[in-house]
$ cat input.cif   # mmCIF, N, CA and C atoms
data_protein
loop_
_atom_site.group_PDB
_atom_site.id
_atom_site.type_symbol
_atom_site.label_atom_id
_atom_site.label_comp_id
_atom_site.auth_asym_id
_atom_site.auth_seq_id
_atom_site.Cartn_x
_atom_site.Cartn_y
_atom_site.Cartn_z
ATOM 1 N N MET P 1 39.186 -37.892 0.208
ATOM 2 C CA MET P 1 38.008 -38.391 0.874
ATOM 3 C C MET P 1 36.931 -37.304 0.853
ATOM 4 N N GLU P 2 35.692 -37.703 0.600
ATOM 5 C CA GLU P 2 34.568 -36.775 0.581
ATOM 6 C C GLU P 2 33.827 -36.815 1.905
ATOM 7 N N ARG P 3 33.340 -35.669 2.306
ATOM 8 C CA ARG P 3 32.492 -35.592 3.492
ATOM 9 C C ARG P 3 31.074 -35.299 3.047
ATOM 10 N N HIS P 4 30.147 -35.936 3.674
ATOM 11 C CA HIS P 4 28.743 -35.703 3.373
ATOM 12 C C HIS P 4 28.071 -35.143 4.615
ATOM 13 N N VAL P 5 27.290 -34.124 4.417
ATOM 14 C CA VAL P 5 26.565 -33.519 5.519
ATOM 15 C C VAL P 5 25.090 -33.855 5.337
ATOM 16 N N LEU P 6 24.477 -34.355 6.365
ATOM 17 C CA LEU P 6 23.064 -34.684 6.276
ATOM 18 C C LEU P 6 22.250 -33.415 6.093
ATOM 19 N N GLN P 7 21.262 -33.515 5.244
ATOM 20 C CA GLN P 7 20.387 -32.369 5.015
ATOM 21 C C GLN P 7 19.465 -32.188 6.215
ATOM 22 N N GLN P 8 19.287 -30.934 6.605
ATOM 23 C CA GLN P 8 18.398 -30.681 7.726
ATOM 24 C C GLN P 8 16.952 -30.913 7.307
ATOM 25 N N THR P 9 16.112 -31.176 8.269
ATOM 26 C CA THR P 9 14.696 -31.351 7.998
ATOM 27 C C THR P 9 14.126 -30.010 7.543
ATOM 28 N N PHE P 10 13.439 -30.032 6.410
ATOM 29 C CA PHE P 10 12.891 -28.813 5.837
ATOM 30 C C PHE P 10 11.409 -29.030 5.636
ATOM 31 N N PRO P 11 10.580 -28.348 6.389
ATOM 32 C CA PRO P 11 9.145 -28.604 6.318
ATOM 33 C C PRO P 11 8.534 -28.199 4.976
ATOM 34 N N ASN P 12 7.538 -28.926 4.564
ATOM 35 C CA ASN P 12 6.875 -28.675 3.295
ATOM 36 C C ASN P 12 6.276 -27.272 3.245
ATOM 37 N N TRP P 13 5.726 -26.788 4.350
ATOM 38 C CA TRP P 13 5.117 -25.456 4.352
ATOM 39 C C TRP P 13 6.148 -24.380 4.034
ATOM 40 N N ASP P 14 7.407 -24.586 4.436
ATOM 41 C CA ASP P 14 8.442 -23.603 4.162
ATOM 42 C C ASP P 14 8.826 -23.623 2.683
ATOM 43 N N THR P 15 8.866 -24.800 2.105
ATOM 44 C CA THR P 15 9.124 -24.920 0.671
ATOM 45 C C THR P 15 8.036 -24.192 -0.108
ATOM 46 N N LEU P 16 6.791 -24.390 0.277
ATOM 47 C CA LEU P 16 5.676 -23.726 -0.402
ATOM 48 C C LEU P 16 5.733 -22.216 -0.211
ATOM 49 N N ARG P 17 6.116 -21.761 0.971
ATOM 50 C CA ARG P 17 6.241 -20.328 1.240
ATOM 51 C C ARG P 17 7.275 -19.701 0.305
ATOM 52 N N ILE P 18 8.409 -20.348 0.159
ATOM 53 C CA ILE P 18 9.471 -19.848 -0.715
ATOM 54 C C ILE P 18 8.996 -19.834 -2.168
ATOM 55 N N MET P 19 8.332 -20.906 -2.578
ATOM 56 C CA MET P 19 7.847 -21.011 -3.952
ATOM 57 C C MET P 19 6.848 -19.899 -4.260
ATOM 58 N N HIS P 20 5.920 -19.645 -3.345
ATOM 59 C CA HIS P 20 4.898 -18.626 -3.575
ATOM 60 C C HIS P 20 5.470 -17.210 -3.514
ATOM 61 N N ALA P 21 6.565 -17.007 -2.824
ATOM 62 C CA ALA P 21 7.168 -15.681 -2.707
ATOM 63 C C ALA P 21 8.045 -15.346 -3.912
ATOM 64 N N ARG P 22 8.321 -16.307 -4.758
ATOM 65 C CA ARG P 22 9.228 -16.090 -5.881
ATOM 66 C C ARG P 22 8.752 -14.963 -6.793
ATOM 67 N N GLY P 23 7.472 -14.944 -7.119
ATOM 68 C CA GLY P 23 6.931 -13.902 -7.995
ATOM 69 C C GLY P 23 7.116 -12.516 -7.401
ATOM 70 N N ASP P 24 6.851 -12.374 -6.101
ATOM 71 C CA ASP P 24 7.040 -11.085 -5.430
ATOM 72 C C ASP P 24 8.503 -10.660 -5.485
ATOM 73 N N HIS P 25 9.392 -11.607 -5.270
ATOM 74 C CA HIS P 25 10.830 -11.311 -5.301
ATOM 75 C C HIS P 25 11.256 -10.839 -6.692
ATOM 76 N N LEU P 26 10.805 -11.547 -7.732
ATOM 77 C CA LEU P 26 11.172 -11.153 -9.091
ATOM 78 C C LEU P 26 10.613 -9.781 -9.450
ATOM 79 N N GLU P 27 9.376 -9.507 -9.044
ATOM 80 C CA GLU P 27 8.796 -8.189 -9.304
ATOM 81 C C GLU P 27 9.619 -7.099 -8.620
ATOM 82 N N TRP P 28 10.023 -7.335 -7.381
ATOM 83 C CA TRP P 28 10.829 -6.360 -6.649
ATOM 84 C C TRP P 28 12.164 -6.128 -7.351
ATOM 85 N N MET P 29 12.814 -7.213 -7.761
ATOM 86 C CA MET P 29 14.101 -7.095 -8.454
ATOM 87 C C MET P 29 13.944 -6.296 -9.749
ATOM 88 N N HIS P 30 12.883 -6.584 -10.496
ATOM 89 C CA HIS P 30 12.669 -5.855 -11.754
ATOM 90 C C HIS P 30 12.423 -4.371 -11.498
ATOM 91 N N ARG P 31 11.636 -4.046 -10.476
ATOM 92 C CA ARG P 31 11.366 -2.637 -10.166
ATOM 93 C C ARG P 31 12.635 -1.892 -9.766
ATOM 94 N N HIS P 32 13.541 -2.561 -9.077
ATOM 95 C CA HIS P 32 14.713 -1.880 -8.543
ATOM 96 C C HIS P 32 15.969 -1.967 -9.411
ATOM 97 N N PHE P 33 16.067 -2.971 -10.264
ATOM 98 C CA PHE P 33 17.329 -3.177 -10.970
ATOM 99 C C PHE P 33 17.220 -3.318 -12.485
ATOM 100 N N ALA P 34 16.032 -3.491 -13.029
ATOM 101 C CA ALA P 34 15.914 -3.733 -14.466
ATOM 102 C C ALA P 34 15.332 -2.512 -15.173
ATOM 103 N N SER P 35 16.019 -2.061 -16.209
ATOM 104 C CA SER P 35 15.452 -0.978 -17.000
ATOM 105 C C SER P 35 14.403 -1.533 -17.963
ATOM 106 N N ARG P 36 14.521 -2.816 -18.289
ATOM 107 C CA ARG P 36 13.502 -3.505 -19.082
ATOM 108 C C ARG P 36 13.636 -5.001 -18.849
ATOM 109 N N THR P 37 12.580 -5.713 -19.150
ATOM 110 C CA THR P 37 12.567 -7.172 -19.007
ATOM 111 C C THR P 37 12.464 -7.777 -20.397
ATOM 112 N N ILE P 38 13.334 -8.725 -20.707
ATOM 113 C CA ILE P 38 13.305 -9.358 -22.019
ATOM 114 C C ILE P 38 13.183 -10.868 -21.861
ATOM 115 N N ALA P 39 12.643 -11.494 -22.872
ATOM 116 C CA ALA P 39 12.468 -12.949 -22.864
ATOM 117 C C ALA P 39 13.777 -13.618 -23.301
ATOM 118 N N GLY P 40 13.991 -14.803 -22.816
ATOM 119 C CA GLY P 40 15.175 -15.568 -23.212
ATOM 120 C C GLY P 40 15.210 -15.811 -24.711
ATOM 121 N N SER P 41 14.035 -15.969 -25.326
ATOM 122 C CA SER P 41 13.980 -16.209 -26.771
ATOM 123 C C SER P 41 14.531 -15.014 -27.549
ATOM 124 N N GLU P 42 14.358 -13.799 -27.007
ATOM 125 C CA GLU P 42 14.929 -12.616 -27.653
ATOM 126 C C GLU P 42 16.448 -12.661 -27.631
ATOM 127 N N LEU P 43 17.015 -13.095 -26.514
ATOM 128 C CA LEU P 43 18.476 -13.194 -26.417
ATOM 129 C C LEU P 43 19.028 -14.233 -27.392
ATOM 130 N N ILE P 44 18.342 -15.357 -27.496
ATOM 131 C CA ILE P 44 18.793 -16.417 -28.405
ATOM 132 C C ILE P 44 18.726 -15.934 -29.850
ATOM 133 N N ALA P 45 17.629 -15.246 -30.206
ATOM 134 C CA ALA P 45 17.492 -14.738 -31.573
ATOM 135 C C ALA P 45 18.584 -13.714 -31.883
ATOM 136 N N GLU P 46 18.881 -12.850 -30.934
ATOM 137 C CA GLU P 46 19.935 -11.852 -31.127
ATOM 138 C C GLU P 46 21.291 -12.531 -31.302
ATOM 139 N N ARG P 47 21.561 -13.541 -30.495
ATOM 140 C CA ARG P 47 22.827 -14.281 -30.613
ATOM 141 C C ARG P 47 22.921 -14.960 -31.976
ATOM 142 N N ASP P 48 21.808 -15.561 -32.425
ATOM 143 C CA ASP P 48 21.821 -16.267 -33.704
ATOM 144 C C ASP P 48 22.023 -15.296 -34.869
ATOM 145 N N ARG P 49 21.405 -14.113 -34.788
ATOM 146 C CA ARG P 49 21.595 -13.104 -35.841
ATOM 147 C C ARG P 49 23.047 -12.645 -35.910
ATOM 148 N N ALA P 50 23.697 -12.594 -34.766
ATOM 149 C CA ALA P 50 25.085 -12.136 -34.707
ATOM 150 C C ALA P 50 26.072 -13.258 -35.051
ATOM 151 N N GLY P 51 25.561 -14.460 -35.300
ATOM 152 C CA GLY P 51 26.435 -15.580 -35.631
ATOM 153 C C GLY P 51 27.115 -16.183 -34.422
ATOM 154 N N GLY P 52 26.473 -16.052 -33.275
ATOM 155 C CA GLY P 52 27.040 -16.605 -32.048
ATOM 156 C C GLY P 52 27.054 -18.119 -32.047
ATOM 157 N N ARG P 53 27.915 -18.674 -31.221
ATOM 158 C CA ARG P 53 28.032 -20.120 -31.118
ATOM 159 C C ARG P 53 26.949 -20.683 -30.215
ATOM 160 N N THR P 54 26.605 -21.920 -30.447
ATOM 161 C CA THR P 54 25.677 -22.624 -29.581
ATOM 162 C C THR P 54 26.467 -23.548 -28.667
ATOM 163 N N ARG P 55 25.812 -24.092 -27.672
ATOM 164 C CA ARG P 55 26.500 -25.023 -26.758
ATOM 165 C C ARG P 55 26.949 -26.287 -27.482
ATOM 166 N N ASP P 56 26.192 -26.684 -28.509
ATOM 167 C CA ASP P 56 26.512 -27.939 -29.207
ATOM 168 C C ASP P 56 27.646 -27.771 -30.197
ATOM 169 N N ALA P 57 27.991 -26.551 -30.548
ATOM 170 C CA ALA P 57 29.034 -26.326 -31.552
ATOM 171 C C ALA P 57 30.412 -26.452 -30.957
#
$ encode --input "input.cif" --output "structure tokens"
Amino acid sequence: MERHVLQQTFPNWDTLRIMHARGDHLEWMHRHFASRTIAGSELIAERDRAGGRTRDA
């Protein structure tokens, strides 16, 4: 049997606050934990050059 929990009321202003703070959070994370930032397309190209598998394979 599954239990379902009702979602609490979440005001729109709080959703917007979280959304707008995302950039600040990512900048902070990059300053503190990343030696460099790379694009996802770079990772895919590197995987393809190495002969990596894709999800569809």
$ atom_distance --input "input.cif" --atom1 "CA of Ser35 in chain P" --atom2 "CA of Arg22 in chain P"
19.8 Å
$ select_by_dssp --input "input.cif" --residues "chain P" --states "helix (DSSP H, G or I)" --output "PyMOL selection string"
chain P and resi 12-33+40-49
$ atom_distance --input "input.cif" --atom1 "atom N of His30 in chain P" --atom2 "CA of Phe10 in chain P"
27.6 Å
$ atom_distance --input "input.cif" --atom1 "CA of Arg17 in chain P" --atom2 "CA of His32 in chain P"
22.5 Å
